[in-house]
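Okay, upload20.cif now, which holds mmCIF, C-alpha atoms:
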```cif
data_run
loop_
_atom_site.label_atom_id
_atom_site.label_comp_id
_atom_site.auth_asym_id
_atom_site.auth_seq_id
_atom_site.Cartn_x
_atom_site.Cartn_y
_atom_site.Cartn_z
CA MET Q 1 84.52 -52.18 -58.76
CA LYS Q 2 82.01 -54.84 -59.71
CA LYS Q 3 82.67 -56.59 -63.00
CA GLU Q 4 79.88 -58.35 -64.78
CA ARG Q 5 80.41 -61.21 -67.11
CA LEU Q 6 79.40 -60.79 -70.69
CA ASP Q 7 76.61 -63.14 -71.67
CA LEU Q 8 78.52 -65.72 -73.70
CA ASP Q 9 75.39 -67.22 -75.25
CA ASP Q 10 74.29 -63.90 -76.71
CA TYR Q 11 77.75 -63.14 -77.98
CA ARG Q 12 78.07 -66.54 -79.61
CA LYS Q 13 74.65 -66.17 -81.19
CA PHE Q 14 75.45 -62.76 -82.74
CA LEU Q 15 78.90 -63.84 -83.83
CA LYS Q 16 77.55 -66.93 -85.52
CA GLN Q 17 74.81 -64.95 -87.20
CA TYR Q 18 77.32 -62.51 -88.57
CA LEU Q 19 79.85 -65.07 -89.75
CA LEU Q 20 77.15 -67.05 -91.56
CA THR Q 21 75.05 -64.24 -93.00
CA HIS Q 22 77.17 -61.07 -92.83
CA ASP Q 23 73.96 -59.54 -91.60
CA GLU Q 24 74.16 -55.86 -90.62
CA THR Q 25 71.75 -56.36 -87.72
CA ALA Q 26 74.22 -58.72 -86.08
CA LEU Q 27 76.87 -56.01 -86.33
CA TYR Q 28 74.41 -53.62 -84.74
CA GLN Q 29 73.93 -56.13 -81.89
CA ALA Q 30 77.69 -56.17 -81.40
CA GLU Q 31 77.65 -52.41 -81.07
CA GLN Q 32 74.87 -52.64 -78.49
CA LEU Q 33 76.87 -55.27 -76.56
CA SER Q 34 79.85 -52.94 -76.61
CA LYS Q 35 77.80 -50.13 -75.05
CA LEU Q 36 76.38 -52.47 -72.41
CA SER Q 37 79.88 -53.75 -71.67
CA VAL Q 38 81.15 -50.25 -70.96
CA GLN Q 39 78.15 -49.57 -68.74
CA HIS Q 40 78.77 -52.73 -66.76
CA ASN Q 41 82.52 -52.28 -66.47
CA VAL Q 42 83.32 -55.25 -68.71
CA SER Q 43 86.96 -54.91 -69.72
CA PRO Q 44 88.15 -55.17 -73.34
CA GLU Q 45 90.18 -58.31 -72.58
CA GLU Q 46 87.07 -59.91 -71.14
CA ILE Q 47 85.31 -59.40 -74.48
CA ILE Q 48 88.23 -60.96 -76.33
CA HIS Q 49 88.19 -63.85 -73.89
CA VAL Q 50 84.50 -64.45 -74.64
CA HIS Q 51 85.23 -64.07 -78.35
CA ILE Q 52 87.87 -66.82 -78.22
CA LYS Q 53 85.55 -69.15 -76.35
CA ALA Q 54 82.66 -68.53 -78.72
CA LEU Q 55 84.87 -69.01 -81.75
CA LYS Q 56 86.20 -72.31 -80.40
CA GLU Q 57 82.69 -73.56 -79.75
CA LEU Q 58 81.65 -72.65 -83.27
CA TYR Q 59 84.84 -73.98 -84.90
CA PRO Q 60 86.29 -76.78 -82.75
CA ASP Q 61 89.05 -77.26 -85.33
CA LEU Q 62 90.17 -73.67 -85.21
CA GLN Q 63 93.67 -73.22 -86.52
CA GLN Q 64 96.15 -73.12 -83.62
CA GLU Q 65 97.84 -69.93 -84.88
CA VAL Q 66 94.51 -68.06 -84.93
CA SER Q 67 93.73 -69.16 -81.39
CA ASP Q 68 97.25 -68.20 -80.20
CA SER Q 69 97.07 -64.83 -81.90
CA LEU Q 70 93.81 -64.06 -80.12
CA ASN Q 71 95.45 -64.87 -76.79
CA PHE Q 72 98.22 -62.50 -77.79
CA LEU Q 73 95.65 -59.80 -78.58
CA LEU Q 74 94.06 -60.39 -75.18
CA GLU Q 75 97.34 -59.61 -73.42
CA ALA Q 76 97.76 -56.51 -75.56
CA MET Q 77 94.39 -55.16 -74.37
CA ILE Q 78 95.07 -55.40 -70.63
CA SER Q 79 96.22 -51.79 -70.19
CA TYR Q 80 93.06 -50.55 -71.87
CA GLY Q 81 91.05 -52.45 -69.29
CA LEU Q 82 92.97 -50.71 -66.51
CA ALA Q 83 92.49 -47.32 -68.16
CA LEU Q 84 88.77 -47.98 -68.31
CA GLN Q 85 88.70 -48.79 -64.60
CA GLU Q 86 90.57 -45.57 -63.84
CA TYR Q 87 88.16 -43.58 -65.97
CA GLN Q 88 85.19 -45.07 -64.15
CA SER Q 89 86.65 -44.21 -60.78
CA LEU Q 90 87.45 -40.63 -61.87
CA ARG Q 91 83.90 -40.25 -63.07
CA GLU Q 92 82.60 -41.34 -59.71
CA LYS Q 93 84.95 -38.92 -57.94
CA GLN Q 94 83.88 -36.09 -60.24
CA SER Q 95 80.22 -36.61 -59.57
CA ALA Q 96 80.98 -36.71 -55.82
CA LEU Q 97 82.82 -33.36 -56.14
CA GLU Q 98 79.97 -31.86 -58.13
CA SER Q 99 77.48 -32.79 -55.49
CA GLU Q 100 79.76 -31.42 -52.76
CA ILE Q 101 80.02 -28.09 -54.60
CA SER Q 102 76.29 -27.95 -54.99
CA VAL Q 103 75.89 -28.62 -51.24
CA ALA Q 104 78.39 -25.78 -50.59
CA ALA Q 105 76.52 -23.47 -52.97
CA ASN Q 106 73.28 -24.20 -51.13
CA MET Q 107 74.94 -23.61 -47.78
CA GLN Q 108 76.28 -20.28 -48.99
CA LYS Q 109 72.83 -19.34 -50.16
CA THR Q 110 71.39 -20.10 -46.72
CA LEU Q 111 74.22 -18.34 -44.86
CA LEU Q 112 74.06 -15.22 -46.99
CA GLN Q 113 70.30 -15.05 -47.09
CA THR Q 114 68.97 -11.58 -46.51
CA LYS Q 115 65.37 -10.68 -45.92
CA LYS Q 116 64.05 -7.84 -47.95
CA PRO Q 117 62.59 -5.59 -45.26
CA THR Q 118 59.09 -4.19 -45.35
CA ILE Q 119 59.24 -0.50 -44.51
CA THR Q 120 56.25 1.81 -44.73
CA GLY Q 121 56.80 4.43 -47.40
CA LEU Q 122 59.65 2.55 -49.10
CA ASP Q 123 59.23 0.21 -52.03
CA ILE Q 124 62.22 -2.12 -52.34
CA GLY Q 125 63.10 -4.46 -55.17
CA ALA Q 126 66.21 -6.64 -55.44
CA VAL Q 127 67.45 -9.25 -57.88
CA SER Q 128 70.79 -11.07 -57.84
CA VAL Q 129 71.59 -13.76 -60.37
CA PRO Q 130 74.91 -15.63 -60.45
CA ALA Q 131 76.58 -16.33 -63.80
CA ASN Q 132 77.89 -19.63 -62.39
CA GLN Q 133 77.00 -21.88 -59.50
CA MET Q 134 78.43 -19.56 -56.87
CA ASN Q 135 77.45 -15.90 -56.75
CA GLY Q 136 80.28 -13.31 -56.49
CA ASP Q 137 77.76 -10.54 -55.86
CA TYR Q 138 76.24 -10.02 -52.48
CA TYR Q 139 73.64 -7.71 -51.02
CA HIS Q 140 72.41 -7.43 -47.50
CA PHE Q 141 69.77 -5.36 -45.72
CA ILE Q 142 70.26 -4.43 -42.09
CA GLU Q 143 67.41 -2.87 -40.14
CA GLY Q 144 68.50 -0.76 -37.20
CA SER Q 145 66.40 -0.29 -34.08
CA ASP Q 146 66.45 3.49 -34.69
CA GLY Q 147 64.64 3.12 -38.02
CA THR Q 148 67.64 3.22 -40.31
CA LEU Q 149 67.97 0.76 -43.12
CA GLY Q 150 71.48 -0.33 -44.03
CA ILE Q 151 72.07 -1.58 -47.55
CA ALA Q 152 75.30 -3.33 -48.45
CA LEU Q 153 76.18 -4.31 -52.00
CA ALA Q 154 79.46 -6.04 -52.78
CA ASP Q 155 81.17 -7.65 -55.74
CA VAL Q 156 83.99 -10.04 -54.99
CA ILE Q 157 86.61 -10.07 -57.74
CA GLY Q 158 87.89 -13.51 -58.32
CA LYS Q 159 85.61 -16.35 -59.17
CA GLY Q 160 84.25 -19.56 -57.76
CA VAL Q 161 84.89 -21.04 -54.35
CA PRO Q 162 87.57 -18.57 -53.05
CA ALA Q 163 85.32 -15.62 -53.94
CA ALA Q 164 82.40 -17.27 -52.19
CA LEU Q 165 84.47 -17.78 -49.06
CA ALA Q 166 85.59 -14.13 -49.09
CA MET Q 167 81.98 -13.09 -49.28
CA SER Q 168 81.03 -15.12 -46.22
CA MET Q 169 83.90 -13.34 -44.44
CA ILE Q 170 82.37 -9.95 -45.33
CA LYS Q 171 78.97 -11.04 -44.10
CA TYR Q 172 80.28 -12.31 -40.75
CA SER Q 173 82.35 -9.19 -40.18
CA MET Q 174 79.38 -6.99 -40.95
CA ASP Q 175 77.18 -8.95 -38.56
CA SER Q 176 79.73 -8.47 -35.82
CA PHE Q 177 79.69 -4.64 -35.94
CA PRO Q 178 77.66 -3.12 -33.14
CA GLU Q 179 74.74 -1.03 -34.31
CA GLN Q 180 76.23 2.32 -33.28
CA LEU Q 181 79.23 1.65 -35.53
CA ARG Q 182 77.21 1.08 -38.66
CA GLN Q 183 78.15 4.33 -40.38
CA PRO Q 184 78.95 3.77 -44.08
CA ALA Q 185 82.53 5.11 -44.02
CA GLN Q 186 83.30 3.37 -40.76
CA ILE Q 187 81.99 0.03 -42.03
CA LEU Q 188 84.06 0.22 -45.20
CA GLU Q 189 87.22 1.15 -43.28
CA SER Q 190 86.80 -1.82 -40.95
CA LEU Q 191 85.97 -4.23 -43.76
CA ASN Q 192 88.96 -2.97 -45.75
CA ARG Q 193 91.28 -4.02 -42.94
CA VAL Q 194 89.62 -7.44 -42.72
CA VAL Q 195 89.91 -8.01 -46.46
CA GLU Q 196 93.45 -6.64 -46.76
CA GLN Q 197 94.71 -8.99 -44.07
CA ASN Q 198 92.85 -12.06 -45.12
CA VAL Q 199 92.63 -12.51 -48.86
CA ASP Q 200 95.04 -13.30 -51.65
CA THR Q 201 96.86 -10.22 -53.05
CA SER Q 202 95.12 -10.34 -56.42
CA MET Q 203 91.66 -10.65 -54.93
CA PHE Q 204 89.66 -7.57 -54.00
CA ILE Q 205 86.14 -6.50 -53.28
CA THR Q 206 84.15 -3.51 -54.48
CA MET Q 207 81.42 -2.45 -52.11
CA PHE Q 208 78.77 0.17 -51.65
CA TYR Q 209 77.22 0.82 -48.28
CA GLY Q 210 74.24 3.10 -47.81
CA SER Q 211 72.23 4.00 -44.76
CA TYR Q 212 68.67 5.21 -45.25
CA ASN Q 213 67.21 7.24 -42.44
CA THR Q 214 63.48 6.54 -42.52
CA LYS Q 215 62.70 9.49 -40.24
CA ASN Q 216 64.22 12.38 -42.21
CA HIS Q 217 64.66 10.50 -45.50
CA THR Q 218 68.32 11.19 -45.96
CA PHE Q 219 70.49 8.59 -47.56
CA SER Q 220 74.13 8.59 -46.50
CA PHE Q 221 76.57 6.43 -48.39
CA SER Q 222 80.17 5.49 -49.08
CA SER Q 223 81.71 3.51 -51.87
CA ALA Q 224 84.76 1.30 -52.03
CA GLY Q 225 85.42 1.43 -55.75
CA HIS Q 226 81.98 0.11 -56.56
CA GLU Q 227 80.24 0.64 -59.91
CA PRO Q 228 78.29 3.89 -59.35
CA GLY Q 229 74.54 3.61 -59.00
CA PHE Q 230 71.98 6.32 -59.73
CA PHE Q 231 69.51 8.62 -58.07
CA TYR Q 232 66.25 9.22 -59.87
CA PHE Q 233 64.63 12.59 -59.18
CA GLN Q 234 60.93 12.65 -59.90
CA GLU Q 235 60.66 16.43 -59.98
CA THR Q 236 62.92 16.70 -63.03
CA ALA Q 237 62.38 13.11 -64.24
CA SER Q 238 66.16 12.80 -64.44
CA PHE Q 239 68.90 10.48 -63.28
CA SER Q 240 72.16 11.44 -61.68
CA GLU Q 241 75.12 9.23 -60.90
CA ILE Q 242 75.67 8.46 -57.22
CA LYS Q 243 78.97 10.20 -56.70
CA ALA Q 244 81.11 8.54 -54.09
CA ARG Q 245 84.74 7.76 -54.61
CA GLY Q 246 86.77 5.38 -52.54
CA LEU Q 247 89.37 2.68 -53.00
CA VAL Q 248 88.36 -0.95 -53.47
CA LEU Q 249 88.57 -3.13 -50.35
CA GLY Q 250 91.82 -5.03 -49.95
CA ALA Q 251 94.21 -2.84 -51.98
CA THR Q 252 95.93 -1.03 -49.08
CA SER Q 253 95.60 -1.36 -45.33
CA ASP Q 254 94.97 2.34 -44.60
CA ALA Q 255 92.18 3.30 -47.00
CA ARG Q 256 89.86 6.08 -45.84
CA TYR Q 257 86.35 6.63 -47.10
CA ASN Q 258 84.26 9.74 -47.62
CA GLU Q 259 80.64 9.78 -46.66
CA GLU Q 260 78.10 11.67 -48.74
CA ALA Q 261 74.40 12.28 -48.17
CA MET Q 262 71.33 12.99 -50.29
CA THR Q 263 67.81 13.92 -49.31
CA ILE Q 264 65.25 11.66 -50.95
CA HIS Q 265 61.86 13.15 -51.89
CA ASP Q 266 58.57 11.50 -52.71
CA GLY Q 267 58.74 9.56 -55.96
CA ASP Q 268 62.56 9.60 -56.03
CA ALA Q 269 64.48 6.36 -56.36
CA ILE Q 270 67.89 4.96 -55.46
CA ILE Q 271 69.30 2.48 -57.98
CA LEU Q 272 72.22 0.28 -56.99
CA LEU Q 273 73.91 -2.24 -59.23
CA THR Q 274 77.01 -4.31 -59.85
CA ASP Q 275 79.18 -4.20 -62.97
CA GLY Q 276 77.50 -7.38 -64.26
CA VAL Q 277 74.71 -5.03 -65.25
CA THR Q 278 76.90 -2.52 -67.09
CA GLU Q 279 79.38 -5.05 -68.45
CA CYS Q 280 76.69 -6.81 -70.46
CA HIS Q 281 78.04 -7.88 -73.84
CA LEU Q 282 76.09 -7.82 -77.04
CA GLY Q 283 78.36 -9.82 -79.29
CA ASP Q 284 81.46 -7.63 -79.45
CA ARG Q 285 79.68 -4.53 -78.26
CA PHE Q 286 79.23 -3.38 -74.67
CA ILE Q 287 76.02 -1.96 -73.40
CA GLU Q 288 76.65 1.63 -72.40
CA ARG Q 289 75.50 2.96 -69.06
CA ASP Q 290 73.05 5.28 -70.82
CA GLU Q 291 71.36 2.31 -72.42
CA VAL Q 292 71.08 0.65 -69.02
CA LEU Q 293 69.39 3.79 -67.71
CA GLU Q 294 66.97 3.84 -70.63
CA VAL Q 295 65.87 0.31 -69.78
CA ILE Q 296 65.54 1.10 -66.07
CA LYS Q 297 63.52 4.20 -66.92
CA ASP Q 298 61.09 2.09 -68.96
CA TYR Q 299 60.22 -0.05 -65.94
CA LEU Q 300 60.67 2.38 -63.06
CA HIS Q 301 56.94 3.14 -62.81
CA LEU Q 302 56.28 -0.49 -61.84
CA PRO Q 303 56.45 -1.79 -58.25
CA ALA Q 304 60.18 -2.01 -57.40
CA GLN Q 305 60.40 -5.82 -57.33
CA GLU Q 306 58.62 -6.14 -60.66
CA ALA Q 307 60.86 -3.42 -62.11
CA VAL Q 308 64.18 -5.09 -61.18
CA GLU Q 309 62.93 -8.43 -62.52
CA LYS Q 310 61.82 -6.88 -65.81
CA VAL Q 311 65.20 -5.14 -66.23
CA TYR Q 312 67.01 -8.40 -65.56
CA LYS Q 313 64.82 -10.29 -68.04
CA HIS Q 314 65.51 -7.60 -70.63
CA PHE Q 315 69.31 -8.02 -70.42
CA GLU Q 316 69.10 -11.78 -70.10
CA ARG Q 317 67.20 -11.90 -73.37
CA LEU Q 318 69.71 -9.55 -75.05
CA GLN Q 319 72.58 -11.83 -74.07
CA ASP Q 320 70.81 -14.98 -75.26
CA PHE Q 321 70.27 -16.02 -71.66
CA HIS Q 322 73.98 -16.36 -71.03
CA LEU Q 323 75.32 -14.04 -68.34
CA ARG Q 324 79.04 -13.29 -68.41
CA ASP Q 325 79.07 -11.90 -64.92
CA ASP Q 326 76.89 -12.01 -61.82
CA PHE Q 327 74.01 -9.56 -62.11
CA THR Q 328 72.64 -7.61 -59.14
CA LEU Q 329 70.19 -4.74 -59.21
CA ILE Q 330 68.47 -3.04 -56.27
CA ILE Q 331 65.84 -0.32 -56.53
CA LEU Q 332 64.50 1.68 -53.58
CA LYS Q 333 61.61 4.01 -54.28
CA LYS Q 334 60.23 6.51 -51.85
CA GLU Q 335 56.50 6.16 -52.20
CA THR Q 336 54.36 9.23 -52.79
CA MET E 1 87.36 -18.67 -75.02
CA ASN E 2 90.31 -17.83 -77.20
CA ILE E 3 93.37 -16.38 -75.60
CA ASN E 4 93.62 -12.96 -77.12
CA LEU E 5 96.58 -11.28 -75.47
CA SER E 6 100.19 -10.70 -76.41
CA ILE E 7 102.85 -9.28 -74.11
CA ASP E 8 106.15 -7.93 -75.30
CA VAL E 9 108.81 -7.49 -72.63
CA ALA E 10 111.77 -5.15 -73.19
CA THR E 11 114.47 -4.81 -70.55
CA THR E 12 117.13 -2.11 -70.31
CA ASP E 13 119.15 -0.91 -67.29
CA ASN E 14 116.76 -1.01 -64.34
CA GLN E 15 113.74 -0.64 -66.56
CA THR E 16 111.28 -3.24 -67.79
CA THR E 17 108.68 -2.18 -70.34
CA LEU E 18 105.72 -4.43 -71.00
CA THR E 19 103.77 -3.67 -74.13
CA ILE E 20 100.42 -5.36 -73.99
CA LYS E 21 98.05 -5.99 -76.84
CA GLY E 22 94.55 -7.47 -76.67
CA GLU E 23 92.05 -8.19 -73.91
CA ILE E 24 92.82 -8.73 -70.25
CA ASP E 25 90.17 -10.91 -68.65
CA ALA E 26 89.89 -13.98 -66.41
CA TYR E 27 91.40 -16.14 -69.15
CA THR E 28 94.36 -13.95 -70.06
CA ALA E 29 95.12 -12.36 -66.66
CA PRO E 30 97.29 -15.32 -65.52
CA LEU E 31 99.61 -14.64 -68.50
CA LEU E 32 99.93 -10.98 -67.51
CA LYS E 33 100.62 -11.96 -63.90
CA GLU E 34 103.30 -14.39 -65.03
CA LYS E 35 105.14 -11.66 -67.01
CA LEU E 36 104.56 -8.71 -64.69
CA LEU E 37 105.16 -10.05 -61.20
CA PRO E 38 108.76 -11.27 -61.63
CA ALA E 39 109.74 -7.77 -62.85
CA THR E 40 108.26 -6.13 -59.76
CA ALA E 41 110.31 -8.40 -57.53
CA LYS E 42 113.59 -6.78 -58.71
CA GLU E 43 114.84 -4.12 -56.33
CA ALA E 44 114.77 -0.54 -57.69
CA GLU E 45 113.36 -1.76 -61.01
CA LYS E 46 111.24 0.74 -62.92
CA ILE E 47 108.34 -1.04 -64.59
CA VAL E 48 106.34 0.64 -67.33
CA VAL E 49 103.24 -1.05 -68.68
CA ASP E 50 102.01 0.26 -72.01
CA LEU E 51 98.29 -0.39 -72.39
CA LYS E 52 97.81 1.46 -75.68
CA ASP E 53 96.53 -1.63 -77.46
CA VAL E 54 94.47 -3.03 -74.64
CA THR E 55 90.89 -2.80 -75.83
CA TYR E 56 89.23 -4.47 -72.88
CA MET E 57 90.08 -5.22 -69.30
CA ASP E 58 87.89 -6.62 -66.57
CA SER E 59 88.28 -6.67 -62.80
CA THR E 60 90.53 -9.74 -62.89
CA GLY E 61 93.04 -7.55 -64.71
CA LEU E 62 92.77 -4.93 -61.95
CA GLY E 63 93.54 -7.72 -59.47
CA VAL E 64 96.82 -8.41 -61.25
CA PHE E 65 97.83 -4.73 -61.03
CA ILE E 66 96.94 -4.64 -57.32
CA SER E 67 99.16 -7.69 -56.78
CA ALA E 68 101.93 -6.02 -58.77
CA LEU E 69 101.61 -2.80 -56.76
CA LYS E 70 101.85 -4.69 -53.47
CA SER E 71 104.92 -6.44 -54.79
CA THR E 72 106.60 -3.14 -55.81
CA LYS E 73 106.11 -1.84 -52.27
CA GLU E 74 107.64 -4.97 -50.86
CA HIS E 75 110.65 -4.93 -53.20
CA GLY E 76 111.27 -1.21 -53.68
CA SER E 77 110.45 -1.17 -57.37
CA THR E 78 108.01 1.20 -59.14
CA LEU E 79 105.09 0.65 -61.47
CA THR E 80 103.68 3.09 -64.02
CA LEU E 81 100.85 2.49 -66.46
CA VAL E 82 100.85 4.47 -69.69
CA ASN E 83 98.55 5.09 -72.66
CA LEU E 84 95.31 3.78 -71.22
CA GLN E 85 92.27 3.68 -73.44
CA GLU E 86 89.18 5.43 -72.09
CA ARG E 87 87.26 2.28 -71.13
CA VAL E 88 90.27 0.85 -69.32
CA HIS E 89 91.06 4.16 -67.61
CA ARG E 90 87.46 4.36 -66.37
CA LEU E 91 87.94 1.11 -64.43
CA PHE E 92 90.93 2.56 -62.59
CA LYS E 93 88.97 5.73 -61.84
CA ILE E 94 85.81 3.99 -60.54
CA THR E 95 87.82 1.74 -58.27
CA SER E 96 90.03 4.72 -57.21
CA LEU E 97 93.03 2.56 -58.01
CA ASP E 98 94.33 5.59 -59.93
CA SER E 99 94.98 7.13 -56.49
CA ILE E 100 97.50 4.45 -55.57
CA ILE E 101 98.80 3.23 -58.94
CA SER E 102 100.78 5.72 -61.00
CA ILE E 103 99.02 6.30 -64.30
CA ASP E 104 100.49 8.48 -67.01
CA THR E 105 98.21 9.17 -69.94
CA THR E 106 100.37 11.81 -71.59
CA THR E 107 103.60 10.00 -72.39
CA ARG E 108 104.34 6.93 -74.39
CA GLY E 109 105.78 3.87 -72.70
CA GLY E 110 109.56 3.53 -72.75
CA GLU E 111 110.35 7.13 -73.72
#
```
Let's see the structure in the file written out as structure tokens.
Amino acid sequence: MKKERLDLDDYRKFLKQYLLTHDETALYQAEQLSKLSVQHNVSPEEIIHVHIKALKELYPDLQQEVSDSLNFLLEAMISYGLALQEYQSLREKQSALESEISVAANMQKTLLQTKKPTITGLDIGAVSVPANQMNGDYYHFIEGSDGTLGIALADVIGKGVPAALAMSMIKYSMDSFPEQLRQPAQILESLNRVVEQNVDTSMFITMFYGSYNTKNHTFSFSSAGHEPGFFYFQETASFSEIKARGLVLGATSDARYNEEAMTIHDGDAIILLTDGVTECHLGDRFIERDEVLEVIKDYLHLPAQEAVEKVYKHFERLQDFHLRDDFTLIILKKET
Amino acid sequence: MNINLSIDVATTDNQTTLTIKGEIDAYTAPLLKEKLLPATAKEAEKIVVDLKDVTYMDSTGLGVFISALKSTKEHGSTLTLVNLQERVHRLFKITSLDSIISIDTTTRGGE
């Protein structure tokens, strides 16, 4: 590390000024010099060295004991100088790590990118906001050549880098399934084996997979312990929970999943979310699922993308813009 | 974040009862793991976890119980959760973990 020498002339000038006048501004200058010294990696013993020199120039007849004692002090400061050097090098390492993590986060973003499809008759909105740098929620749209739209929504339990890596694993596995094997239950069973064999025992993934048939407008779906979403039925203006039970991915190797189906009519909507939405905190209080529905209902008449963004903004404001968990909300509306 | 969890461990012949009080989240889950996992590694041990005073648990807590369950299978011990509060029980139901982890809501832990 580069060490710069303290400007002896300045130091002498301020020291002299202070000794003669006891002027506060000189003390202030000393404080400024101290800040500059830290910035330029000037060690404490270097400052004492300059101090001794300046003092001797100002008082050539300086008492020998005073001069000796200052040399003694200089030796006593050496470890502090080393500690300062170590601190500087740790700071450099930390900023290198931070930039590496931000590169990784960007890479993950690119790798996991999903394009929101444009499908005639379907209005799709999706928002996913990480609580920290790396998002533990993941959604993915897969368009089949037969006109089906696959929607995957997953929440990796466990935070930070390991969770992000597990998510990439899910995405690659899903990409590797041939189209004819993309049935919800089948996908979850295969992914369960992948997760069970490959992640730490305390890590698991909740996932919802739905397949929307754009020809007959049926929505078939399976859930691996994922926070239930909702259907909205326009005819009765009511919501109903998407009932699908299944074990989280990664808990046992032989999990089996049920597949359910629902016919979607004009004006109906499918609402999928992660528990970051329902685990919103308001101080000590949780937001109940009914309250979440109320908010969604308020915005559901808007275009789907605008609706999910408005709902997100609503909860962000409630939590003073500080999310505790990743927040993902997807709305699919069948246009009338 | 303040650590808001206390765990009381009582051991009798072949049975370990953990009485947990407070919130199980990302900050406190390591403490639970530290107390629970060694017990599951004892062959034929019966482990009862009393969650009566657990007011909040998040998915990190579920992760610890999945780990513990895997460990019981490996070591031939058993794990039972008792006295779950509604919010905590809901988590086990949504994730279907109640189908593989034994949950008893009618009896008190240790009886």
Open item on the list: Assuming the chain letters and numbering stay as they are in my file, what does the PyMOL selection byres ((chain E and resi 22-34) around 9) actually select? List them as a list in words.
Closed with: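 Expected selection for the PyMOL selection byres ((chain E and resi 22-34) around 9) here is Gly158 and Lys159 of chain Q; Met1, Asn2, Ile3, Asn4, Leu5, Ser6, Ile7, Ile20, Lys21, Lys35, Leu36, Leu37, Pro38, Asp53, Val54, Thr55, Tyr56, Met57, Asp58, Ser59, Thr60, Gly61, Gly63, Val64, Phe65, Ser67 and Ala68 of chain E.
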- [ ] Name the residues within 6 Å of (101.1, -1.9, -69.7), counting only C-alpha atoms in the file's coordinates, and put them as a PyMOL selection string.
- [x] chain E and resi 18-20+49-51+81
If you keep C-alpha atoms, can you produce a file of those selected residues as a PDB file, keeping the file's coordinate frame?
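As a result, out.pdb now contains:
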```pdb
ATOM      1  CA  LEU E  18     105.720  -4.430 -71.000  1.00  0.00           C
ATOM      2  CA  THR E  19     103.770  -3.670 -74.130  1.00  0.00           C
ATOM      3  CA  ILE E  20     100.420  -5.360 -73.990  1.00  0.00           C
ATOM      4  CA  VAL E  49     103.240  -1.050 -68.680  1.00  0.00           C
ATOM      5  CA  ASP E  50     102.010   0.260 -72.010  1.00  0.00           C
ATOM      6  CA  LEU E  51      98.290  -0.390 -72.390  1.00  0.00           C
ATOM      7  CA  LEU E  81     100.850   2.490 -66.460  1.00  0.00           C
TER       8      LEU E  81
END
```
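What separates atom CA of Lys115 of chain Q from atom CA of Ile142 of chain Q is a distance of 8.8 Å.
Going from atom CA of Ala154 of chain Q to atom CA of Ala237 of chain Q covers 28.1 Å.
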Open item on the list: Measuring between all atoms listed in the file, which one of Q:Leu329, Q:Ala255, Q:Pro303, Q:Ile264 shows the shortest distance to chain E?
Closed with: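 For chain E, the nearest of the candidates is Q:Ala255.
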Residues of chain Q that approach chain E to 7 Å or less, counting only C-alpha atoms: could you list each one with the shortest pair of atoms and its distance in Å to one decimal, rows by chain and increasing residue number, as a Markdown table?
```
| residue | atom | partner | partner_atom | distance |
| --- | --- | --- | --- | --- |
| Q:Ile157 | CA | E:Ser59 | CA | 6.3 |
| Q:Gly158 | CA | E:Thr60 | CA | 6.5 |
| Q:Thr201 | CA | E:Ser67 | CA | 5.1 |
| Q:Ser202 | CA | E:Gly63 | CA | 4.3 |
| Q:Met203 | CA | E:Gly63 | CA | 5.7 |
| Q:Phe204 | CA | E:Gly63 | CA | 6.7 |
| Q:Ala224 | CA | E:Thr95 | CA | 7.0 |
| Q:Gly225 | CA | E:Thr95 | CA | 3.5 |
| Q:His226 | CA | E:Thr95 | CA | 6.3 |
| Q:Glu227 | CA | E:Ile94 | CA | 6.5 |
| Q:Arg245 | CA | E:Ser96 | CA | 6.6 |
| Q:Gly246 | CA | E:Ser96 | CA | 5.7 |
| Q:Leu247 | CA | E:Ser96 | CA | 4.7 |
| Q:Val248 | CA | E:Thr95 | CA | 5.5 |
| Q:Ala251 | CA | E:Ile66 | CA | 6.3 |
```
Write the residues of the selection above to a file with C-alpha atoms, as a PDB file, keeping the file's coordinate frame.
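Printed below is out27.pdb as written:
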```
ATOM      1  CA  ILE Q 157      86.610 -10.070 -57.740  1.00  0.00           C
ATOM      2  CA  GLY Q 158      87.890 -13.510 -58.320  1.00  0.00           C
ATOM      3  CA  THR Q 201      96.860 -10.220 -53.050  1.00  0.00           C
ATOM      4  CA  SER Q 202      95.120 -10.340 -56.420  1.00  0.00           C
ATOM      5  CA  MET Q 203      91.660 -10.650 -54.930  1.00  0.00           C
ATOM      6  CA  PHE Q 204      89.660  -7.570 -54.000  1.00  0.00           C
ATOM      7  CA  ALA Q 224      84.760   1.300 -52.030  1.00  0.00           C
ATOM      8  CA  GLY Q 225      85.420   1.430 -55.750  1.00  0.00           C
ATOM      9  CA  HIS Q 226      81.980   0.110 -56.560  1.00  0.00           C
ATOM     10  CA  GLU Q 227      80.240   0.640 -59.910  1.00  0.00           C
ATOM     11  CA  ARG Q 245      84.740   7.760 -54.610  1.00  0.00           C
ATOM     12  CA  GLY Q 246      86.770   5.380 -52.540  1.00  0.00           C
ATOM     13  CA  LEU Q 247      89.370   2.680 -53.000  1.00  0.00           C
ATOM     14  CA  VAL Q 248      88.360  -0.950 -53.470  1.00  0.00           C
ATOM     15  CA  ALA Q 251      94.210  -2.840 -51.980  1.00  0.00           C
TER      16      ALA Q 251
END
```
